[in-house]
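Only one structure is covered here, and it is reproduced in the block below.
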Amino acid sequence: MMPFLKAATSSVGKKFFMALTGLFWIMFLFIHLLGNLSLYSGHKDSFNAYSDFLTHGTHGVVYVLEFIMVAGLLIHVISAVAVFISAQKARPIQYAMSKNLGGPSRKTISASTMIYTGSLMFIFIIVHLIHFKFGDYYSTVLDGRVIRDMYATVLIGFQSPFYTWFYVIIMALIGFHLRHGFWSAFQSLGLNHPRYNGLIAFVGVLIAITLSLGFLMLPLVLHLTGGPA
Amino acid sequence: MSENMNLKLKIWRQKNAGDKGRFVEYDMENVSPDESFLEMMDELNEKLTHDNLEPVEFDSDCREGICGTCGLVVNGEAHGPLRATTMCQVHMREFKGMTKLTVEPWRTKAFPVLKDLVVDRGALDKIQQAGGYISINTGNAPDAHAIQVPKEASDLAMDAAACIGCGACVAACPNASASLFTAAKISQFALLPQGGPERKRRAAQMVTQMDIEGFGDCSNLGECEAACPKEISISNIARMKREFVGAMLG
């Protein structure tokens, strides 16, 4: 048995934990998307009730989850940067000519831009938190209680064309990131089997499209329509 | 009989490991499409020798595609444009219609250029020495069927053992990772019962050595499999990861 820290920071270990944290975040994105769907309902109360439940109704469980998410994100990002740096160091002199070999290769645009799409997503997460979670505070009354009117924050936020297009572009990039990321996570965990490889790649594309379009539509709809009537 | 070719070769020249190196262009005329790429390089060297110039150093040995000694990057492709083939088995007809060929050595810090197109692939030997073996007491050969091996496992082990250690996987990898080589060497033992007793130590030590040698990390891009003259699958890399995680978690 290897010392755990040495193994975890090795080339294989880094990707193992990058895969675990990546898959965890994909799970979170699905839950986030489900929550967002309440915005489409047209009633500000359902979204506000959901947002109030997350911040006040979980008896602190949400803080544990938030901690895991932040820790997971940091592990993911730090590992990714380490992999990127290792690649730069390993080839100090670049080829004069390079070519994608095709065939069994999986080097797609998605795969070779992971560090760039990932960096933009990291910046996005910070902007997103400042914009909404720590953004403008409005109040509303629900069932006789004064709670935060998150619905108003979202609606007013997406009146800005800058924010709307920023969100739309990043959400499109998430699709690219997940297309390679989902399959790659399985490979990094050692889960590769001729019987299931096609399925894993297909599910990866499906997840990429679902999450990308799901998140992308919302700011666009809210911006163009000004919110449900 | 196809027409002979006229080519401009842009070849990496480097005096020694300490030299910075540069590209030098050479004209080759009347090249037969039926000669091999390395034979064309031999012709170039004869010409250079005749002109009292230093010939271009490159590696080759068996010229039958089985020894793993040759290896060049031609127009951005490790072992040239033909898949599942070593450089020595690529004929000039594969470059039909082209007028300029860029010839470079394997490029990674772990394979220092010794001269021109010759690199030192000793780093791969060190990975192999770190655990690519089984420890057995010598003595009489055991009975042929004393240890039973499923056909599927023996086939997969043979596929992995087809690795000739040429280093094309490293050369083709955008990260210059040696994962496919290391995975093939780990897999050929992991799949067989004889490799069982030392499997965790083997995976831990070989991956550790691979990291020490300064190869990049694997990003699951799969260019290695596409470049491999023996078509070794990246499913071996997944096996290496399972073996390593086994060693990591106990």
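Residue numbering restarts at 1 for every chain of the structure tokens, chains are lettered A, B, ... in their displayed order, and ligands are numbered from 1 as they appear.
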
Between chain B and chain A, at 9 Å or less, what are the per-residue closest atom pairs and their distances in Å? Count only C-alpha atoms, order by chain and rising residue number, and return it as a Markdown table.
| residue | atom | partner | partner_atom | distance |
| --- | --- | --- | --- | --- |
| B:Val73 | CA | A:Tyr95 | CA | 8.7 |
| B:Val74 | CA | A:Met97 | CA | 8.3 |
| B:Asn75 | CA | A:Met97 | CA | 5.7 |
| B:Gly76 | CA | A:Ser98 | CA | 3.8 |
| B:Glu77 | CA | A:Lys99 | CA | 6.3 |
| B:Pro81 | CA | A:Leu101 | CA | 8.6 |
| B:Arg83 | CA | A:Gly103 | CA | 8.7 |
| B:Thr102 | CA | A:Met97 | CA | 7.3 |
| B:Glu104 | CA | A:Tyr95 | CA | 7.4 |
| B:Pro105 | CA | A:Tyr95 | CA | 8.9 |
| B:Trp106 | CA | A:Tyr95 | CA | 8.9 |
| B:Arg107 | CA | A:Arg91 | CA | 6.3 |
| B:Thr108 | CA | A:Arg91 | CA | 4.5 |
| B:Lys109 | CA | A:Ala90 | CA | 5.2 |
| B:Ala110 | CA | A:Ala90 | CA | 6.9 |
| B:Ala172 | CA | A:Leu101 | CA | 8.5 |
| B:Pro174 | CA | A:Ala87 | CA | 7.4 |
| B:Asn175 | CA | A:Ala87 | CA | 4.2 |
| B:Ala176 | CA | A:Ala90 | CA | 5.9 |
| B:Ser177 | CA | A:Ala87 | CA | 7.7 |
| B:Lys200 | CA | A:Met1 | CA | 7.0 |
| B:Arg201 | CA | A:Met1 | CA | 7.3 |
| B:Ala204 | CA | A:Met2 | CA | 6.8 |
| B:Val207 | CA | A:Val12 | CA | 7.6 |
| B:Thr208 | CA | A:Ser10 | CA | 7.0 |
| B:Met210 | CA | A:Ser11 | CA | 8.7 |
| B:Asp211 | CA | A:Ser11 | CA | 6.6 |
| B:Gly214 | CA | A:Ala90 | CA | 6.0 |
| B:Phe215 | CA | A:Ala90 | CA | 5.3 |
| B:Gly216 | CA | A:Ala87 | CA | 4.5 |
| B:Asp217 | CA | A:Ser11 | CA | 5.3 |
| B:Cys218 | CA | A:Ser11 | CA | 7.3 |
| B:Ser219 | CA | A:Ser184 | CA | 7.7 |
| B:Asn220 | CA | A:Ser184 | CA | 5.9 |
| B:Leu221 | CA | A:Lys107 | CA | 4.8 |
| B:Gly222 | CA | A:Ser105 | CA | 4.3 |
| B:Glu223 | CA | A:Ser105 | CA | 4.8 |
| B:Cys224 | CA | A:Ser105 | CA | 7.6 |
| B:Glu225 | CA | A:Pro104 | CA | 6.6 |
| B:Ala226 | CA | A:Pro104 | CA | 5.6 |
| B:Ala227 | CA | A:Leu101 | CA | 7.0 |
| B:Ser233 | CA | A:Pro104 | CA | 8.6 |
| B:Ile234 | CA | A:Asn192 | CA | 8.8 |
| B:Ser235 | CA | A:Asn192 | CA | 5.9 |
| B:Asn236 | CA | A:Asn192 | CA | 8.9 |
| B:Ile237 | CA | A:Gly190 | CA | 7.6 |
| B:Ala238 | CA | A:Gly190 | CA | 4.0 |
| B:Arg239 | CA | A:Gly190 | CA | 5.9 |
| B:Met240 | CA | A:Gly190 | CA | 7.4 |
| B:Lys241 | CA | A:Gly190 | CA | 5.1 |
| B:Arg242 | CA | A:Gly190 | CA | 5.0 |
| B:Glu243 | CA | A:Gly190 | CA | 8.5 |
| B:Phe244 | CA | A:Val12 | CA | 7.4 |
| B:Val245 | CA | A:Gly13 | CA | 7.5 |
| B:Gly246 | CA | A:Met1 | CA | 8.4 |
| B:Ala247 | CA | A:Met1 | CA | 5.1 |
| B:Met248 | CA | A:Met2 | CA | 5.5 |
| B:Leu249 | CA | A:Phe4 | CA | 7.3 |
| B:Gly250 | CA | A:Met1 | CA | 5.1 |

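Counting only C-alpha atoms, Phe181 (chain B) has the following residues at most 10 Å away, ignoring those fewer than 2 positions along the same chain: Leu124, Ile127, Gln128, Ala160, Cys163, Ile164, Gly165, Cys166, Gly167, Ala168, Cys169, Val170, Ser177, Ala178, Ser179, Ala183, Ala184, Lys185, Ile186, Ser187, Met210, Cys224, Cys228, Ile232, Ile234, Asn236 and Ile237 of chain B.
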
Taking the DSSP secondary structure from the backbone, can you list the residues of region 101-134 of chain A that are alpha helix (DSSP H), as a PyMOL selection string?
chain A and resi 109-112+114-128

Output N, CA and C atoms of each residue in that selection to a file, as a PDB file, in the first residue's frame.
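In the end it all went to out-v6.pdb:
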ATOM      1  N   ILE A 109     -12.613  18.983 -30.038  1.00  0.00           N
ATOM      2  CA  ILE A 109     -12.503  20.366 -29.549  1.00  0.00           C
ATOM      3  C   ILE A 109     -12.808  20.384 -28.050  1.00  0.00           C
ATOM      4  N   SER A 110     -13.824  19.634 -27.649  1.00  0.00           N
ATOM      5  CA  SER A 110     -14.181  19.557 -26.223  1.00  0.00           C
ATOM      6  C   SER A 110     -12.986  19.132 -25.399  1.00  0.00           C
ATOM      7  N   ALA A 111     -12.310  18.063 -25.863  1.00  0.00           N
ATOM      8  CA  ALA A 111     -11.241  17.459 -25.069  1.00  0.00           C
ATOM      9  C   ALA A 111     -10.024  18.363 -24.966  1.00  0.00           C
ATOM     10  N   SER A 112      -9.703  19.071 -26.062  1.00  0.00           N
ATOM     11  CA  SER A 112      -8.467  19.850 -25.988  1.00  0.00           C
ATOM     12  C   SER A 112      -8.684  21.258 -25.444  1.00  0.00           C
ATOM     13  N   MET A 114     -10.462  21.714 -22.439  1.00  0.00           N
ATOM     14  CA  MET A 114     -10.980  21.546 -21.066  1.00  0.00           C
ATOM     15  C   MET A 114     -10.454  22.612 -20.105  1.00  0.00           C
ATOM     16  N   ILE A 115      -9.164  22.904 -20.184  1.00  0.00           N
ATOM     17  CA  ILE A 115      -8.569  23.857 -19.235  1.00  0.00           C
ATOM     18  C   ILE A 115      -9.158  25.261 -19.448  1.00  0.00           C
ATOM     19  N   TYR A 116      -9.478  25.595 -20.710  1.00  0.00           N
ATOM     20  CA  TYR A 116     -10.009  26.938 -21.002  1.00  0.00           C
ATOM     21  C   TYR A 116     -11.489  27.034 -20.640  1.00  0.00           C
ATOM     22  N   THR A 117     -12.282  26.027 -21.048  1.00  0.00           N
ATOM     23  CA  THR A 117     -13.705  26.055 -20.677  1.00  0.00           C
ATOM     24  C   THR A 117     -13.817  25.979 -19.155  1.00  0.00           C
ATOM     25  N   GLY A 118     -12.953  25.155 -18.550  1.00  0.00           N
ATOM     26  CA  GLY A 118     -12.975  25.015 -17.094  1.00  0.00           C
ATOM     27  C   GLY A 118     -12.644  26.322 -16.394  1.00  0.00           C
ATOM     28  N   SER A 119     -11.622  27.031 -16.886  1.00  0.00           N
ATOM     29  CA  SER A 119     -11.235  28.305 -16.259  1.00  0.00           C
ATOM     30  C   SER A 119     -12.389  29.304 -16.333  1.00  0.00           C
ATOM     31  N   LEU A 120     -13.042  29.357 -17.506  1.00  0.00           N
ATOM     32  CA  LEU A 120     -14.162  30.290 -17.661  1.00  0.00           C
ATOM     33  C   LEU A 120     -15.314  29.907 -16.723  1.00  0.00           C
ATOM     34  N   MET A 121     -15.546  28.600 -16.568  1.00  0.00           N
ATOM     35  CA  MET A 121     -16.606  28.155 -15.666  1.00  0.00           C
ATOM     36  C   MET A 121     -16.290  28.517 -14.223  1.00  0.00           C
ATOM     37  N   PHE A 122     -15.003  28.441 -13.858  1.00  0.00           N
ATOM     38  CA  PHE A 122     -14.601  28.798 -12.491  1.00  0.00           C
ATOM     39  C   PHE A 122     -14.875  30.282 -12.243  1.00  0.00           C
ATOM     40  N   ILE A 123     -14.505  31.107 -13.215  1.00  0.00           N
ATOM     41  CA  ILE A 123     -14.779  32.548 -13.086  1.00  0.00           C
ATOM     42  C   ILE A 123     -16.297  32.768 -12.997  1.00  0.00           C
ATOM     43  N   PHE A 124     -17.016  32.010 -13.826  1.00  0.00           N
ATOM     44  CA  PHE A 124     -18.472  32.142 -13.840  1.00  0.00           C
ATOM     45  C   PHE A 124     -19.080  31.846 -12.466  1.00  0.00           C
ATOM     46  N   ILE A 125     -18.584  30.778 -11.823  1.00  0.00           N
ATOM     47  CA  ILE A 125     -19.156  30.386 -10.525  1.00  0.00           C
ATOM     48  C   ILE A 125     -19.009  31.540  -9.527  1.00  0.00           C
ATOM     49  N   ILE A 126     -17.852  32.204  -9.552  1.00  0.00           N
ATOM     50  CA  ILE A 126     -17.623  33.323  -8.623  1.00  0.00           C
ATOM     51  C   ILE A 126     -18.579  34.473  -8.961  1.00  0.00           C
ATOM     52  N   VAL A 127     -18.666  34.811 -10.260  1.00  0.00           N
ATOM     53  CA  VAL A 127     -19.561  35.908 -10.677  1.00  0.00           C
ATOM     54  C   VAL A 127     -21.013  35.559 -10.328  1.00  0.00           C
ATOM     55  N   HIS A 128     -21.374  34.306 -10.557  1.00  0.00           N
ATOM     56  CA  HIS A 128     -22.732  33.829 -10.321  1.00  0.00           C
ATOM     57  C   HIS A 128     -23.109  33.977  -8.844  1.00  0.00           C
TER      58      HIS A 128
END

When DSSP is applied to the backbone of this structure, which of region 72-242 of chain B are assigned strand (DSSP E)? Write them out as a list in words.
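The residues of region 72-242 of chain B classed as strand (DSSP E) are Val73, Val74, Glu77, Ala78, Lys100, Leu101, Thr102, Val103, Glu104, Val113, Leu114, Lys115, Val118 and Val119 of chain B.
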
C-alpha atoms of the current selection, written as a PDB file, in the first residue's frame:
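Dumped to result_34.pdb:
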ATOM      1  CA  VAL B  73       7.322  12.516 -36.343  1.00  0.00           C
ATOM      2  CA  VAL B  74       6.572  13.268 -40.007  1.00  0.00           C
ATOM      3  CA  GLU B  77       2.256  12.303 -37.097  1.00  0.00           C
ATOM      4  CA  ALA B  78       4.272   9.874 -34.978  1.00  0.00           C
ATOM      5  CA  LYS B 100       7.222  19.094 -48.277  1.00  0.00           C
ATOM      6  CA  LEU B 101       7.840  16.784 -45.334  1.00  0.00           C
ATOM      7  CA  THR B 102       8.685  18.033 -41.846  1.00  0.00           C
ATOM      8  CA  VAL B 103      10.695  15.450 -39.906  1.00  0.00           C
ATOM      9  CA  GLU B 104      11.066  15.854 -36.151  1.00  0.00           C
ATOM     10  CA  VAL B 113      17.536  14.486 -28.091  1.00  0.00           C
ATOM     11  CA  LEU B 114      20.993  12.925 -28.346  1.00  0.00           C
ATOM     12  CA  LYS B 115      21.600  13.926 -31.946  1.00  0.00           C
ATOM     13  CA  VAL B 118      17.778  10.249 -32.110  1.00  0.00           C
ATOM     14  CA  VAL B 119      16.310  10.479 -28.615  1.00  0.00           C
TER      15      VAL B 119
END

Pick from B:Arg13, B:Met98, B:Ala203, B:Pro229 nearest to Leu82 (chain B), counting only C-alpha atoms:
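Once distances to Leu82 (chain B) are computed over only C-alpha atoms, the minimum belongs to B:Pro229.
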
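Here CA of Ile156 (chain A) stands at a distance of 17.4 Å from CA of Ser46 (chain A).
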
Could you please determine the separation between CA of Phe182 (chain A) and CA of Gly204 (chain A) in Å, to one decimal place?
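Pair CA of Phe182 (chain A) / CA of Gly204 (chain A) returns 5.2 Å.
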
Need the shell around Ile68 (chain A): protein/DNA/RNA residues with any atom at most 12 Å away, counting only C-alpha atoms. Skip same-chain ones fewer than 5 positions apart. Format as an NGL selection string?
:A and (20-21 or 24-25 or 28 or 61-63 or 73-76)

Could you please take those selected residues and save N, CA and C atoms as a PDB file, in the first residue's frame?
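Result file selection_10.pdb:
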ATOM      1  N   LEU A  20     -13.968  12.087  -9.588  1.00  0.00           N
ATOM      2  CA  LEU A  20     -14.989  11.991  -8.543  1.00  0.00           C
ATOM      3  C   LEU A  20     -15.661  13.342  -8.316  1.00  0.00           C
ATOM      4  N   THR A  21     -14.845  14.402  -8.193  1.00  0.00           N
ATOM      5  CA  THR A  21     -15.408  15.718  -7.913  1.00  0.00           C
ATOM      6  C   THR A  21     -16.205  16.224  -9.121  1.00  0.00           C
ATOM      7  N   PHE A  24     -19.518  14.520  -9.068  1.00  0.00           N
ATOM      8  CA  PHE A  24     -20.316  15.097  -7.984  1.00  0.00           C
ATOM      9  C   PHE A  24     -20.951  16.417  -8.431  1.00  0.00           C
ATOM     10  N   TRP A  25     -20.170  17.229  -9.134  1.00  0.00           N
ATOM     11  CA  TRP A  25     -20.694  18.521  -9.601  1.00  0.00           C
ATOM     12  C   TRP A  25     -21.749  18.342 -10.687  1.00  0.00           C
ATOM     13  N   PHE A  28     -24.820  17.768  -8.844  1.00  0.00           N
ATOM     14  CA  PHE A  28     -25.313  19.046  -8.317  1.00  0.00           C
ATOM     15  C   PHE A  28     -26.010  19.857  -9.412  1.00  0.00           C
ATOM     16  N   VAL A  61     -27.983  21.495   6.973  1.00  0.00           N
ATOM     17  CA  VAL A  61     -27.440  20.477   6.071  1.00  0.00           C
ATOM     18  C   VAL A  61     -26.831  21.145   4.830  1.00  0.00           C
ATOM     19  N   VAL A  62     -27.470  22.250   4.420  1.00  0.00           N
ATOM     20  CA  VAL A  62     -27.006  22.940   3.217  1.00  0.00           C
ATOM     21  C   VAL A  62     -25.562  23.418   3.373  1.00  0.00           C
ATOM     22  N   TYR A  63     -25.176  23.757   4.617  1.00  0.00           N
ATOM     23  CA  TYR A  63     -23.798  24.237   4.820  1.00  0.00           C
ATOM     24  C   TYR A  63     -22.801  23.103   4.604  1.00  0.00           C
ATOM     25  N   LEU A  73     -14.790  21.452  -5.688  1.00  0.00           N
ATOM     26  CA  LEU A  73     -14.415  22.351  -6.779  1.00  0.00           C
ATOM     27  C   LEU A  73     -12.921  22.667  -6.728  1.00  0.00           C
ATOM     28  N   LEU A  74     -12.446  22.939  -5.492  1.00  0.00           N
ATOM     29  CA  LEU A  74     -11.027  23.291  -5.356  1.00  0.00           C
ATOM     30  C   LEU A  74     -10.137  22.112  -5.749  1.00  0.00           C
ATOM     31  N   ILE A  75     -10.524  20.890  -5.321  1.00  0.00           N
ATOM     32  CA  ILE A  75      -9.740  19.698  -5.697  1.00  0.00           C
ATOM     33  C   ILE A  75      -9.721  19.561  -7.219  1.00  0.00           C
ATOM     34  N   HIS A  76     -10.894  19.767  -7.830  1.00  0.00           N
ATOM     35  CA  HIS A  76     -11.028  19.647  -9.285  1.00  0.00           C
ATOM     36  C   HIS A  76     -10.133  20.657 -10.006  1.00  0.00           C
TER      37      HIS A  76
END

Write out as a list in words the residues lying within 12 Å of Glu152 (chain B), counting only C-alpha atoms and excluding same-chain residues fewer than 5 positions away.
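Result of the neighbour search: Ala157, Met158, Asp159, Leu191 and Leu192 of chain B.
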
Would you please work out which residue, of A:Leu142, A:Leu29, A:Met150, A:Ser38, is nearest to Ile207 (chain A) when using only C-alpha atoms?
A:Leu29

How many Å separate CA of Met69 (chain A) from CA of Leu220 (chain A)?
26.6 Å
